[in-house]
Amino acid sequence: MRSLFLLFLLVCFNGVLFWGGEGRVPFACDPKNAITRGFKFCRVNVATHARVQDLIGRLTLQEKIRLLVNNAIAIPRLGIQGYEWWSEALHGVSNVGPGTKFGGAFPAATSFPQVISTAASFNQSLWNQIGRVVSDEARAMYNGGMAGLTYWSPNVNIFRDPRWGRGQETPGEDPVLAGQYAASYVHGLQGDGAGNRLKVAACCKHYTAYDLDNWNSIDRFHFNAMVSKQDLEETYNVPFKACVLDGKVASVMCSYNQVNGKPTCADPDLLRNTIRGQWRLNGYIVSDCDSVQVLHESQHYTKTPEEAVANSIRAGLDLDCGPYLAVYTEGAIRNKLLSENDVNRALANLITVQMRLGMYDGDPSTHPYGRLGPKDVCTPAHQDLALQAARQSIVLLQNNRNSLPLSPTRHRTVAVIGPNSDVTVTMIGNYAGVACGYTTPLQGITRYVRTIHQAGCVDVSCGGNQLFGAAEVAARQADATVLVMGLDQSIEAEARDRDGLFLPGLQQELVSRVALASRGPVVLVLMCGGPADVSFAKNDPKISAILWVGYPGQAGGTALADVLFGTTNPGGRLPMTWYPHEYVTKVPMTTMDMRPNPATGYPGRTYRFYKGPVVFPFGYGLSYTRFTHTLAQAPKEVSLSRLQALTNSTISNQAMRLSHVDCNKAPELGFHIDVKNEGPMDGAHTLLVYSKPPSGRWSETKRLVGFHRVHVPSGSKQRVKIGIHACEHLSVVDMFGIRRIPFGEHELHIGDIKHSLSVQQLN
């Protein structure tokens with residue numbers, strides 16, 4: 001954070017924001033307070049909008065302005081406490097933001113796998129369950145005075161470039177996967193929405209086209225992302241749209257970068273017209289921290305700070321994470337760049353969310369979730385879910401000669417080697433809190449067999465080979481060898497993008513030397529968020545198996561050991577493409593185009609458009625058993641004339657144009673698939689469904705339109721239904737950013753089955 005913001009935090013943290021120990025935060029609208037008891041905004045039987053307007057009407061301009069920043073001031077004369085809006089809950093309650101702290105009765109919270117890992121489960125119900133647990137613990141900590149109720153999570157940006165240090169925070173490279181993750185996790189965090197109430201308020205970030213932090217002397221504070229209308233509609237905005245329309249998220253955060261020359265936090269087309277206009281956000285829009293300051297001082301988009309504030313608020317910004325709105329809004333009004341009504345509109349959006357959270361409903365202990373406390377944090381059930389999530393997230397990338405699972409009777413001694421073999425904090429990635437406890441890979445494996453441990457490298461940078469000899473000796477003495485290699489936050493993190501895709505330092509040499517020395521099967525385990533080029537390991541006959549565990553959370557060691565020894569059958573799939581290192585030598589991180597350009601040799605991005613060599617493809621993952629698919633029921637055609645009657649659409653140029661369409665009103669096409677487990681072990685299988693438009697003028701690239709994870713016992717079968725929405729899943733986006741459904745034969749790839757679906761204009 002910048003120095004001005006830090007100074008502002010120090011000045012404003014005057015004791016009303018945090019209350020120690022198990023004490024309850026003082027609350028607004030205390031019925032025992034004779035002064036506030038009669039205020040209209042405290043009456044729960046009054047309509048929310050009327051309560052909001054009553055409160056705004058009682059505030060002075062100066063008070064209003066100081067409520068437009070993340071560390072909102074207390075207003076004692078109205079019985080209103082100071083409030084810190086900035087808390088984080090990316091994959092567990094985090095203390096990254098100033099709104100949450102650990103200590104006293106709340107020393108820790110359940111730490112789930114990093115998002116890129118849980119995305120690999122392709123399990124929507126799991127994402128929702130994690131959200132529910134995280135919000136239980138968040139509410140409990142709020143009741144104990146240790147946390148807020150507004151959480152700036154999840155991060156749903158597209159993992160566009162494999163070097164991005166924050167790719168680990170995202171659900172991966174596919175917009176449909178990211179959108180489904182966003183909606184599922186947000187629903188879990190915010191509750192069932194009964195009575196328009198919120199359990200906690202989630203926030204989808206960073207809107208939009210934000211996926212570069214610091215690469216080749218270009219940082220996020222100065223980057224201007226040049227994005228076509230086609231890519232914005234088809235890729236970058238898709239998860240945010242799903243967040244708002246399907247997830248009903250209470251907040252969206254705009255990003256540091258510019259998009260096509262305009263800072264996102266000051267662009268009315270992106271904020272007021274799209275988020276609030278087209279998508280109808282019921283909530284508030286917040287800046288990434290110091291973004292308003294950045295657009296003036298770093299990007300020089302405005303001549304004065306007052307113009308920066310005015311442009312942002314008028315564009316649709318409601319809350320500033322940072323001091324600029326508090327410091328310069330009054331001057332903007334004085335200079336007639338802004339009106340008090342503009343401030344009132346922003347404030348109404350903020351207070352409405354607080355009302356929905358119950359923050360003006362009196363004693364929190366009498367409300368839903370008001371009795372949650374220390375006993376509801378780090379419970380056995382919550383920690384078991386963290387373990388289940390880690391198990392479901394592990395991806396088996398290679399298993400030559402069925403080397404896995406290992407056998408405790410045949411592999412009685414296992415050498416556990418590598419810089420990530422006995423780590424704790426590394427397993428929880430970034431934007432994490434304090435975990436309830438850890439099981440490291442070494443500890444997990446030791447529960448099954450005798451182990452010999454050698455780190456091989458001091459850390460993941462692996463700058464020397466002094467320890468290689470001891471690692472080789474360990475491998476010679478063991479019946480099997482497990483190498484736990486990869487990255488950590490010193491290599492990939494916020495403000496830290498990678499230069500290349502090879503394992504750092506001398507890790508590759510360590511792996512190869514240990515594999516050569518080993519007298520038993522060798523398993524390479526990769527603990528990292530972003531992909532790594534491990535082609536050398538794929539091609540090494542001494543390396544039997546490769547597993548990717550991402551950053552597996554507090555129970556990562558247990559989950560890994562369970563997969564290694566067959567207690568758990570791996571069923572994860574890669575949520576991003578693993579490119580060869582050569583790819584990033586040809587592609588600047590600053591190029592936002594998704595599609596290839598044959599004229600320049602630009603290869604395109606993600607599995608949808610890049611068709612070159614890969615180390616491992618998107619959606620890839622093996623199992624210890626064998627699954628087959630049979631298409632039990634599937635439509636063969638769909639009539640566009642019926643869709644036109646149901647939606648606001650026009651038909652022209654061999655396609656139906658969709659505009660402002662509610663796809664939920666369009667008919668769903670039901671596909672029923674029998675998934676049979678023909679192998680020796682029970683297991684979970686993820687069925688992926690791709691759609692490919694008719695050949696001709698449209699891009700013939702296939703894209704993910706649906707997925708379903710199902711558990712199938714050995715020797716049995718399960719029927720899976722996947723719904724395909726015609727206007728959402730069969731449409732393409734043209735160069736002008738307009739969605740259309742092409743006429744003709746659409747090809748659906750359902751597992752290993754290809755099915756033709758005829759889309760025609762029938763009268």
# chains A, B, ... in the order shown; residues from 1 in each chain; ligands from 1
call {"tool": "residues_around", "arguments": {"residues": "A:Gly751", "least_positions_apart": "4", "cutoff": "10 Å", "atoms": "only C-alpha atoms", "output": "list in words"}}
result
Phe627, Thr628, His629, Thr630, Leu631, Ile673, Val675, Thr686, Leu687, Leu688, Val689, Tyr690 and Phe707 of chain A
call {"tool": "select_by_dssp", "arguments": {"residues": "stretch 214-397 of chain A", "states": "strand (DSSP E or B)", "output": "PyMOL selection string"}}
result
chain A and resi 214-215+218-219+224-225+251-254+258-259+262-263+284-287+319-320+395-397
call {"tool": "closest_atom_pairs", "arguments": {"of": "stretch 332-447 of chain A", "to": "stretch 113-133 of chain A", "cutoff": "8 Å", "atoms": "only C-alpha atoms", "output": "Markdown table"}}
result
| residue | atom | partner | partner_atom | distance |
| --- | --- | --- | --- | --- |
| A:His382 | CA | A:Val133 | CA | 6.5 |
| A:Leu385 | CA | A:Ile130 | CA | 7.5 |
| A:Ala386 | CA | A:Pro113 | CA | 7.1 |
| A:Ala389 | CA | A:Thr118 | CA | 6.4 |
| A:Ala390 | CA | A:Pro113 | CA | 6.0 |
| A:Gln392 | CA | A:Ser121 | CA | 5.2 |
| A:Ser393 | CA | A:Ser121 | CA | 4.7 |
| A:Ile394 | CA | A:Ala120 | CA | 7.4 |
| A:Val395 | CA | A:Ala120 | CA | 7.4 |
| A:Met427 | CA | A:Pro113 | CA | 7.6 |
| A:Ile428 | CA | A:Pro113 | CA | 6.2 |
| A:Gly429 | CA | A:Gln114 | CA | 6.0 |
| A:Asn430 | CA | A:Gln114 | CA | 7.7 |
call {"tool": "residues_around", "arguments": {"residues": "A:Gln383", "least_positions_apart": "4", "cutoff": "8 Å", "atoms": "only C-alpha atoms", "output": "PDB file with N, CA, C and O atoms, in the first residue's frame"}}
result
ATOM      1  N   THR A 110     -10.095 -22.221   9.464  1.00  0.00           N
ATOM      2  CA  THR A 110      -9.856 -23.316   8.528  1.00  0.00           C
ATOM      3  C   THR A 110      -9.289 -22.774   7.222  1.00  0.00           C
ATOM      4  O   THR A 110      -9.860 -21.863   6.619  1.00  0.00           O
ATOM      5  N   CYS A 378     -12.710 -23.774  13.121  1.00  0.00           N
ATOM      6  CA  CYS A 378     -11.782 -24.917  13.153  1.00  0.00           C
ATOM      7  C   CYS A 378     -12.435 -26.165  13.742  1.00  0.00           C
ATOM      8  O   CYS A 378     -11.784 -26.951  14.450  1.00  0.00           O
ATOM      9  N   THR A 379     -13.711 -26.368  13.454  1.00  0.00           N
ATOM     10  CA  THR A 379     -14.393 -27.557  13.964  1.00  0.00           C
ATOM     11  C   THR A 379     -13.873 -28.796  13.226  1.00  0.00           C
ATOM     12  O   THR A 379     -13.319 -28.696  12.121  1.00  0.00           O
ATOM     13  N   LEU A 387      -9.835 -31.255   4.159  1.00  0.00           N
ATOM     14  CA  LEU A 387      -9.170 -32.471   3.695  1.00  0.00           C
ATOM     15  C   LEU A 387      -9.847 -33.015   2.441  1.00  0.00           C
ATOM     16  O   LEU A 387      -9.176 -33.389   1.472  1.00  0.00           O
ATOM     17  N   CYS A 436      -5.676 -23.799  11.090  1.00  0.00           N
ATOM     18  CA  CYS A 436      -5.972 -24.515  12.336  1.00  0.00           C
ATOM     19  C   CYS A 436      -4.814 -25.428  12.725  1.00  0.00           C
ATOM     20  O   CYS A 436      -4.588 -25.700  13.912  1.00  0.00           O
ATOM     21  N   ALA A 555      -4.514 -29.340   5.094  1.00  0.00           N
ATOM     22  CA  ALA A 555      -4.512 -30.809   5.141  1.00  0.00           C
ATOM     23  C   ALA A 555      -3.823 -31.415   3.924  1.00  0.00           C
ATOM     24  O   ALA A 555      -4.003 -32.601   3.629  1.00  0.00           O
TER      25      ALA A 555
END
call {"tool": "residues_around", "arguments": {"residues": "A:Thr304", "least_positions_apart": "6", "cutoff": "12 Å", "atoms": "only C-alpha atoms", "output": "count of residues only"}}
result
15
